[in-house]
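Colleague: Contents of start12.cif (mmCIF, C-alpha atoms) are given next:
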data_input
#
loop_
_atom_site.label_atom_id
_atom_site.label_comp_id
_atom_site.auth_asym_id
_atom_site.auth_seq_id
_atom_site.Cartn_x
_atom_site.Cartn_y
_atom_site.Cartn_z
CA MET A 165 75.89 92.13 105.41
CA SER A 166 76.41 92.61 109.13
CA VAL A 167 78.72 94.79 111.20
CA GLU A 168 79.21 93.96 114.86
CA LYS A 169 81.57 95.10 117.57
CA ILE A 170 83.61 92.23 118.99
CA ALA A 171 86.77 91.45 120.95
CA TYR A 172 89.54 89.95 118.84
CA GLY A 173 93.18 89.10 119.46
CA GLY A 174 93.19 90.76 122.86
CA TRP A 175 91.67 94.04 121.63
CA PRO A 176 88.23 94.68 123.13
CA ASN A 177 87.02 97.09 120.44
CA CYS A 178 87.19 95.47 117.02
CA TYR A 179 84.58 95.46 114.26
CA ARG A 180 83.61 92.35 112.30
CA VAL A 181 82.22 92.87 108.81
CA SER A 182 80.64 89.77 107.26
CA ASN A 183 78.25 88.71 104.52
CA GLY A 184 77.91 85.09 105.66
CA GLU A 185 80.74 83.82 103.44
CA VAL A 186 83.79 85.91 104.38
CA GLU A 187 84.66 88.21 107.22
CA LEU A 188 86.98 91.15 107.83
CA ILE A 189 88.01 92.34 111.27
CA VAL A 190 89.03 95.98 111.68
CA THR A 191 90.75 97.20 114.84
CA SER A 192 89.76 100.42 116.59
CA ASP A 193 92.06 100.27 119.64
CA VAL A 194 94.92 100.78 117.13
CA GLY A 195 95.02 101.44 113.43
CA PRO A 196 93.49 101.94 110.98
CA ARG A 197 94.13 98.29 110.18
CA VAL A 198 92.36 95.22 108.81
CA ILE A 199 93.77 92.44 110.99
CA ARG A 200 91.79 89.54 109.49
CA TYR A 201 90.34 88.59 106.11
CA GLY A 202 89.22 85.03 105.52
CA PHE A 203 86.39 82.63 104.92
CA ILE A 204 84.15 82.23 107.95
CA GLY A 205 85.62 79.47 110.08
CA GLY A 206 88.73 79.38 107.89
CA GLN A 207 92.30 80.58 108.05
CA ASN A 208 93.34 84.20 108.25
CA LEU A 209 95.27 84.97 105.08
CA PHE A 210 96.90 87.88 106.90
CA LYS A 211 99.80 87.53 109.32
CA GLU A 212 99.20 88.18 113.03
CA PHE A 213 102.23 88.92 115.23
CA ALA A 214 101.27 87.14 118.45
CA ASP A 215 103.52 89.27 120.68
CA GLN A 216 101.91 92.49 119.39
CA MET A 217 98.25 91.42 119.39
CA GLY A 218 96.01 93.15 121.92
CA LYS A 219 98.58 95.81 122.75
CA SER A 220 98.48 99.56 122.20
CA GLY A 221 100.21 102.77 123.17
CA GLU A 222 103.73 101.69 122.23
CA LYS A 223 106.29 104.46 121.65
CA THR A 224 107.68 102.82 118.51
CA TRP A 225 105.98 101.71 115.30
CA GLN A 226 104.60 98.13 115.39
CA ILE A 227 104.02 96.00 112.31
CA ARG A 228 101.31 93.84 114.05
CA GLY A 229 100.28 92.20 110.75
CA GLY A 230 97.12 92.60 108.71
CA HIS A 231 96.62 95.34 106.15
CA ARG A 232 97.43 99.02 106.66
CA VAL A 233 97.67 102.37 104.88
CA TRP A 234 101.12 103.91 104.63
CA VAL A 235 103.02 106.77 102.97
CA GLY A 236 105.76 106.41 100.39
CA PRO A 237 108.51 106.63 99.40
CA GLU A 238 109.84 105.01 102.56
CA ASP A 239 110.95 107.71 104.99
CA VAL A 240 111.57 107.55 108.74
CA LYS A 241 109.36 110.55 109.54
CA TYR A 242 106.46 110.23 107.11
CA THR A 243 106.23 106.47 106.67
CA TYR A 244 106.63 105.32 110.27
CA GLY A 245 104.09 107.59 111.94
CA LEU A 246 102.70 105.74 114.96
CA ASP A 247 99.36 103.98 114.59
CA ASN A 248 99.27 102.58 118.13
CA GLY A 249 96.28 104.56 119.39
CA PRO A 250 92.49 104.49 118.98
CA VAL A 251 90.74 105.28 115.71
CA LYS A 252 87.15 106.36 115.06
CA VAL A 253 85.04 103.68 113.38
CA GLU A 254 81.78 104.48 111.59
CA ALA A 255 79.47 101.89 110.03
CA SER A 256 76.76 102.83 107.53
CA GLY A 257 74.92 100.26 105.45
CA THR A 258 77.53 98.18 103.61
CA THR A 259 80.43 100.52 104.46
CA LEU A 260 82.78 100.61 107.43
CA ARG A 261 85.22 103.49 107.82
CA ALA A 262 88.12 103.72 110.29
CA VAL A 263 89.70 107.16 110.68
CA GLN A 264 92.95 107.83 112.52
CA PRO A 265 93.57 111.11 114.37
CA THR A 266 96.08 113.34 112.62
CA GLU A 267 99.59 111.95 113.11
CA PRO A 268 101.74 114.41 115.05
CA GLU A 269 104.86 113.04 113.33
CA SER A 270 103.67 113.77 109.79
CA GLY A 271 100.61 116.01 110.02
CA LEU A 272 98.72 113.45 107.90
CA GLN A 273 95.37 111.82 108.65
CA LYS A 274 94.84 108.27 107.36
CA SER A 275 91.67 106.25 106.95
CA LEU A 276 90.51 102.92 105.57
CA GLU A 277 87.06 102.43 104.07
CA ILE A 278 85.74 98.89 103.63
CA HIS A 279 83.00 97.96 101.14
CA LEU A 280 82.08 94.26 101.33
CA ALA A 281 79.85 92.86 98.59
CA PRO A 282 76.48 91.47 99.82
CA THR A 283 77.45 88.03 98.49
CA GLY A 284 80.72 86.41 97.48
CA THR A 285 84.15 87.52 98.62
CA ARG A 286 84.77 90.84 96.89
CA VAL A 287 85.84 93.83 98.95
CA GLY A 288 86.58 97.39 97.89
CA VAL A 289 89.20 99.05 100.09
CA VAL A 290 89.67 102.82 99.92
CA HIS A 291 92.92 104.13 101.41
CA ARG A 292 92.59 107.86 102.04
CA ILE A 293 95.27 110.26 103.33
CA VAL A 294 94.56 113.93 104.06
CA ASN A 295 97.16 116.66 104.57
CA ARG A 296 96.43 118.41 107.89
CA ASN A 297 99.63 120.46 107.79
CA VAL A 298 99.66 124.22 107.22
CA LEU A 299 101.94 123.77 104.20
CA PRO A 300 101.70 121.57 101.08
CA VAL A 301 103.22 118.08 101.22
CA GLU A 302 104.00 115.56 98.48
CA PHE A 303 103.91 111.79 98.88
CA ALA A 304 102.43 108.61 97.43
CA PRO A 305 99.76 106.48 99.16
CA TRP A 306 100.99 102.97 99.95
CA ALA A 307 98.92 99.88 100.81
CA PRO A 308 100.89 96.94 102.28
CA SER A 309 99.18 93.60 103.00
CA VAL A 310 101.14 91.43 105.44
CA MET A 311 100.48 87.82 104.50
CA ALA A 312 100.61 84.76 106.76
CA PRO A 313 103.74 82.57 106.47
CA GLY A 314 104.16 79.52 104.27
CA GLY A 315 102.55 80.69 101.05
CA ILE A 316 103.61 81.98 97.63
CA GLY A 317 103.12 85.53 96.37
CA ILE A 318 102.36 86.12 92.69
CA THR A 319 102.34 89.23 90.54
CA GLY A 320 102.49 89.85 86.82
CA TYR A 321 103.97 92.07 84.14
CA PRO A 322 102.25 94.16 81.45
CA PRO A 323 101.44 92.16 78.28
CA ARG A 324 104.49 90.48 76.78
CA GLY A 325 105.42 90.66 73.11
CA THR A 326 108.04 89.74 70.56
CA HIS A 327 111.12 91.34 69.02
CA PRO A 328 111.38 93.30 66.76
CA GLU A 329 107.65 94.06 66.91
CA MET A 330 108.04 95.61 70.40
CA LEU A 331 111.11 97.82 70.52
CA ALA A 332 110.12 100.09 73.41
CA PRO A 333 110.40 98.92 77.05
CA THR A 334 107.15 98.02 78.78
CA ASN A 335 107.94 98.28 82.51
CA PRO A 336 110.67 98.74 85.12
CA LEU A 337 111.83 95.90 87.36
CA VAL A 338 113.25 97.53 90.49
CA MET A 339 115.86 96.02 92.83
CA TRP A 340 117.11 96.87 96.30
CA GLY A 341 120.67 96.45 97.54
CA TYR A 342 119.72 93.16 99.20
CA THR A 343 117.74 91.79 96.23
CA ASP A 344 119.32 88.51 95.12
CA LEU A 345 117.82 87.07 91.94
CA SER A 346 119.68 83.79 92.51
CA ASP A 347 117.65 83.19 95.70
CA PRO A 348 115.59 79.99 95.22
CA ARG A 349 112.50 81.70 96.66
CA TRP A 350 112.03 83.56 93.37
CA ILE A 351 109.94 81.89 90.67
CA PHE A 352 110.54 83.44 87.25
CA MET A 353 108.10 83.01 84.39
CA LYS A 354 107.57 84.97 81.20
CA LYS A 355 104.32 86.61 82.33
CA TYR A 356 104.47 86.21 86.10
CA LEU A 357 106.79 86.53 89.08
CA GLY A 358 106.46 84.34 92.16
CA LEU A 359 108.04 84.67 95.60
CA ARG A 360 107.93 81.94 98.24
CA GLN A 361 107.64 82.80 101.92
CA ASP A 362 110.09 80.50 103.72
CA PRO A 363 110.25 80.64 107.55
CA ASN A 364 113.72 79.08 107.37
CA ALA A 365 115.22 81.72 105.06
CA ARG A 366 116.88 84.39 107.17
CA THR A 367 117.67 87.03 104.53
CA PRO A 368 114.95 89.35 103.17
CA GLN A 369 114.09 89.74 99.49
CA LYS A 370 112.30 92.55 97.69
CA ILE A 371 111.46 93.58 94.15
CA GLY A 372 109.26 96.22 92.55
CA LEU A 373 107.63 96.82 89.16
CA PHE A 374 105.03 98.85 87.30
CA ASN A 375 101.95 97.37 85.69
CA PRO A 376 98.90 99.42 84.65
CA HIS A 377 96.80 96.49 85.87
CA THR A 378 98.62 96.03 89.16
CA PHE A 379 97.79 92.89 91.11
CA GLY A 380 99.19 90.75 93.88
CA ALA A 381 98.02 87.26 94.80
CA TYR A 382 98.94 84.99 97.68
CA LEU A 383 98.39 81.24 97.66
CA LEU A 384 98.28 79.56 101.07
CA LYS A 385 96.94 76.05 101.71
CA ASN A 386 94.92 76.06 98.48
CA GLU A 387 93.23 79.37 99.27
CA MET A 388 94.17 82.51 97.38
CA PHE A 389 93.98 86.18 98.32
CA LEU A 390 93.93 88.53 95.32
CA LYS A 391 94.12 92.31 95.29
CA GLN A 392 93.92 94.47 92.18
CA TYR A 393 94.56 98.13 91.47
CA ARG A 394 94.48 100.29 88.32
CA ALA A 395 97.66 102.35 88.01
CA GLU A 396 97.92 105.45 85.83
CA VAL A 397 100.67 105.46 83.22
CA ASP A 398 100.74 109.27 82.92
CA LYS A 399 101.49 109.87 86.62
CA MET A 400 104.74 109.72 88.57
CA TYR A 401 105.28 106.82 90.97
CA PRO A 402 107.84 106.43 93.78
CA GLU A 403 110.99 104.33 93.96
CA TYR A 404 111.86 104.10 90.26
CA PHE A 405 108.21 104.08 89.15
CA CYS A 406 106.76 101.22 91.20
CA SER A 407 103.03 100.56 91.36
CA PHE A 408 103.74 97.24 93.12
CA GLN A 409 106.37 95.84 95.45
CA THR A 410 106.72 92.51 97.19
CA PHE A 411 108.89 91.82 100.23
CA THR A 412 109.55 88.72 102.30
CA ASN A 413 111.57 87.67 105.32
CA ALA A 414 111.38 84.73 107.72
CA ASP A 415 108.12 85.99 109.29
CA PHE A 416 105.83 87.09 106.47
CA LEU A 417 105.40 88.20 102.86
CA GLU A 418 104.05 91.60 101.86
CA LEU A 419 102.02 92.51 98.78
CA GLU A 420 102.27 96.29 98.40
CA THR A 421 100.56 98.67 95.97
CA PHE A 422 101.54 102.31 95.42
CA GLY A 423 99.49 105.21 94.18
CA PRO A 424 101.11 108.05 92.23
CA PHE A 425 102.74 111.04 93.86
CA ALA A 426 100.25 113.66 95.02
CA LYS A 427 101.13 117.22 96.05
CA LEU A 428 98.43 118.20 98.51
CA LEU A 429 97.50 121.60 99.82
CA PRO A 430 96.27 121.82 103.43
CA ASP A 431 93.12 119.72 103.93
CA GLN A 432 93.41 118.10 100.51
CA GLY A 433 93.47 114.30 100.29
CA THR A 434 94.43 111.49 97.97
CA GLU A 435 93.08 107.95 97.57
CA LEU A 436 94.27 104.52 96.52
CA ILE A 437 91.53 101.98 95.82
CA GLU A 438 92.15 98.22 95.87
CA ASN A 439 89.71 95.44 95.05
CA TRP A 440 90.12 92.23 97.03
CA SER A 441 88.77 88.71 96.63
CA LEU A 442 89.30 85.26 98.17
CA HIS A 443 89.23 81.96 96.31
CA LYS A 444 89.05 78.33 97.46
CA ASP A 445 90.47 75.12 95.98
CA VAL A 446 93.27 76.82 94.08
CA HIS A 447 96.03 74.49 92.89
CA ILE A 448 99.23 75.43 91.06
CA GLN A 449 101.80 72.63 90.82
CA HIS A 450 104.34 73.39 88.11
CA TRP A 451 104.45 77.21 88.12
CA THR A 452 104.23 77.71 84.40
CA ASP A 453 102.53 80.59 82.62
CA ALA A 454 99.82 78.21 81.44
CA GLU A 455 98.99 76.99 84.96
CA VAL A 456 98.98 80.48 86.44
CA ASP A 457 96.91 81.75 83.49
CA ALA A 458 94.29 79.08 84.19
CA VAL A 459 93.93 80.32 87.77
CA LEU A 460 94.33 84.09 87.42
CA LEU A 461 92.97 85.13 84.03
CA PRO A 462 89.33 84.43 84.97
CA LEU A 463 89.78 86.53 88.11
CA LEU A 464 91.67 89.57 86.82
CA LYS A 465 89.10 92.28 86.07
#
I need this file expressed as structure tokens, please.

Modeller:
Amino acid sequence: MSVEKIAYGGWPNCYRVSNGEVELIVTSDVGPRVIRYGFIGGQNLFKEFADQMGKSGEKTWQIRGGHRVWVGPEDVKYTYGLDNGPVKVEASGTTLRAVQPTEPESGLQKSLEIHLAPTGTRVGVVHRIVNRNVLPVEFAPWAPSVMAPGGIGITGYPPRGTHPEMLAPTNPLVMWGYTDLSDPRWIFMKKYLGLRQDPNARTPQKIGLFNPHTFGAYLLKNEMFLKQYRAEVDKMYPEYFCSFQTFTNADFLELETFGPFAKLLPDQGTELIENWSLHKDVHIQHWTDAEVDAVLLPLLK
């Protein structure tokens, strides 16, 4: 594995992490943020907002694209702390860590830690948030991945069953005021939920759920990004108990995982750990449980 400092997207101080098969690019002029993840020489599965690339120092929050660490539930003060300034990047062996200065808006300090496997495409991503306030705070770590347009997001439910053998509910399915289940971008299956990103659809869509084996996949031009996260059933989660949310508008689709609520004393931290992978030559034509099973079941660990 190699780590090198490069210019990317107009930012002079980015870091490229590669094992010869895939690469990740982490910004240090802004962030912490992973702005690219893809096969070497291939497409970026993450969205890049061209008008925000290479810029820094803005007075308002910028989505930019890529993957970030956030704070939930969504709140103007705590969630939208500015990440438009430099971060400290440290590389050691197979690990790269990007640490943001403490946010003046929230008193929180965020970091991303990248662990790329020596071979293959697997990446461990540690999202860490530390309370630098003088008083305790309570929040949930949040990890949104902003995906490039034109693909299809996929997530799944806990194991399905039959009635009357399963009388208790298995999971929440959470809606927002603008959620429209008649929107043709939704793909409903028994075991899975799909959401198409359509650049021509002007209204946003969002849905949330809980699954102990939380995962989100994104299929774009026969390549698939997959992230997985183990949720804890005995903890409290934000926004009607969501460990996963997906959102789309005309520009992008987000795959978002949530950690449980954590009440942190000063200088205490909490983590959310995702496991990523990329896969080539992925084909799903009819969007049935059987076809999605054939693709995902061998990959869900």

Colleague: Choose the residue, out of A:Cys406, A:Leu337, A:Ala281, A:Val294, that has the smallest atom-to-atom separation from Thr259 of chain A; count only C-alpha atoms.

Modeller: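 Of all the options, A:Ala281 lies closest to Thr259 of chain A.
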
Colleague: Taking the file above as input, evaluate the PyMOL selection byres ((chain A and resi 243) around 10) and report the hits as a list in words.

Modeller: Trp225, Val233, Trp234, Val235, Gly236, Pro237, Glu238, Asp239, Val240, Lys241, Tyr242, Tyr244, Gly245, Leu246, Glu269, Ser270, Phe303, Pro305 and Trp306 of chain A

Colleague: Around the point (114.2, 96.4, 90.1) (coordinates from the file), which residues reach within 9 Å if we count only C-alpha atoms? Answer as an mmCIF file with C-alpha atoms, in the coordinates of the input.

Modeller:
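Contents of point24.cif, as written:
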data_model
loop_
_atom_site.group_PDB
_atom_site.id
_atom_site.type_symbol
_atom_site.label_atom_id
_atom_site.label_comp_id
_atom_site.auth_asym_id
_atom_site.auth_seq_id
_atom_site.Cartn_x
_atom_site.Cartn_y
_atom_site.Cartn_z
ATOM 1 C CA PRO A 336 110.670 98.740 85.120
ATOM 2 C CA LEU A 337 111.830 95.900 87.360
ATOM 3 C CA VAL A 338 113.250 97.530 90.490
ATOM 4 C CA MET A 339 115.860 96.020 92.830
ATOM 5 C CA TRP A 340 117.110 96.870 96.300
ATOM 6 C CA THR A 343 117.740 91.790 96.230
ATOM 7 C CA LYS A 370 112.300 92.550 97.690
ATOM 8 C CA ILE A 371 111.460 93.580 94.150
ATOM 9 C CA GLY A 372 109.260 96.220 92.550
ATOM 10 C CA LEU A 373 107.630 96.820 89.160
ATOM 11 C CA TYR A 404 111.860 104.100 90.260
ATOM 12 C CA CYS A 406 106.760 101.220 91.200
#

Colleague: List the residues selected by the PyMOL selection byres ((chain A and resi 440-456) around 8) in the file shown, writing them as a PyMOL selection string.

Modeller: chain A and resi 202-203+285-289+351+353-356+383+386-392+438-439+457-461

Colleague: Just how far from atom CA of Thr334 of chain A is atom CA of Gly315 of chain A, in Å to one decimal?

Modeller: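 Pair atom CA of Gly315 of chain A / atom CA of Thr334 of chain A returns 28.6 Å.
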
Colleague: Just how far from atom CA of Thr224 of chain A is atom CA of Val298 of chain A, in Å to one decimal?

Modeller: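 Interatomic distance here is 25.5 Å.
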
Colleague: List the residues matched by the PyMOL selection byres ((chain A and resi 255) around 10) in the displayed structure as a list in words, ordered by chain and then by residue number.

Modeller: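 Applying the expression gives Ser166, Val167, Glu168, Tyr179, Val181, Val253, Glu254, Ser256, Gly257, Thr258, Thr259, Leu260, Arg261, Ala262, Glu277 and Ile278 of chain A.
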
Colleague: Measuring atom to atom with all atoms listed in the file, identify which of A:Lys274, A:Arg394, A:Arg180, A:Lys465 is nearest to Thr378 of chain A.

Modeller: A:Arg394

Colleague: Do a neighbour search on Val190 of chain A at 6 Å with only C-alpha atoms, toss out local chain neighbours closer than 6 positions, and write the hits as a list in words.

Modeller: Cys178, Tyr179, Arg197, Val198 and Ile199 of chain A

Colleague: Do a neighbour search on Phe425 of chain A at 7 Å with all atoms listed in the file, toss out local chain neighbours closer than 5 positions, and write the hits as a PDB file with C-alpha atoms, in the frame of the given file.

Modeller:
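Final output, result.pdb:
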ATOM      1  CA  GLU A 302     104.000 115.560  98.480  1.00  0.00           C
ATOM      2  CA  PHE A 303     103.910 111.790  98.880  1.00  0.00           C
ATOM      3  CA  ALA A 304     102.430 108.610  97.430  1.00  0.00           C
ATOM      4  CA  MET A 400     104.740 109.720  88.570  1.00  0.00           C
ATOM      5  CA  TYR A 401     105.280 106.820  90.970  1.00  0.00           C
ATOM      6  CA  PRO A 402     107.840 106.430  93.780  1.00  0.00           C
TER       7      PRO A 402
END
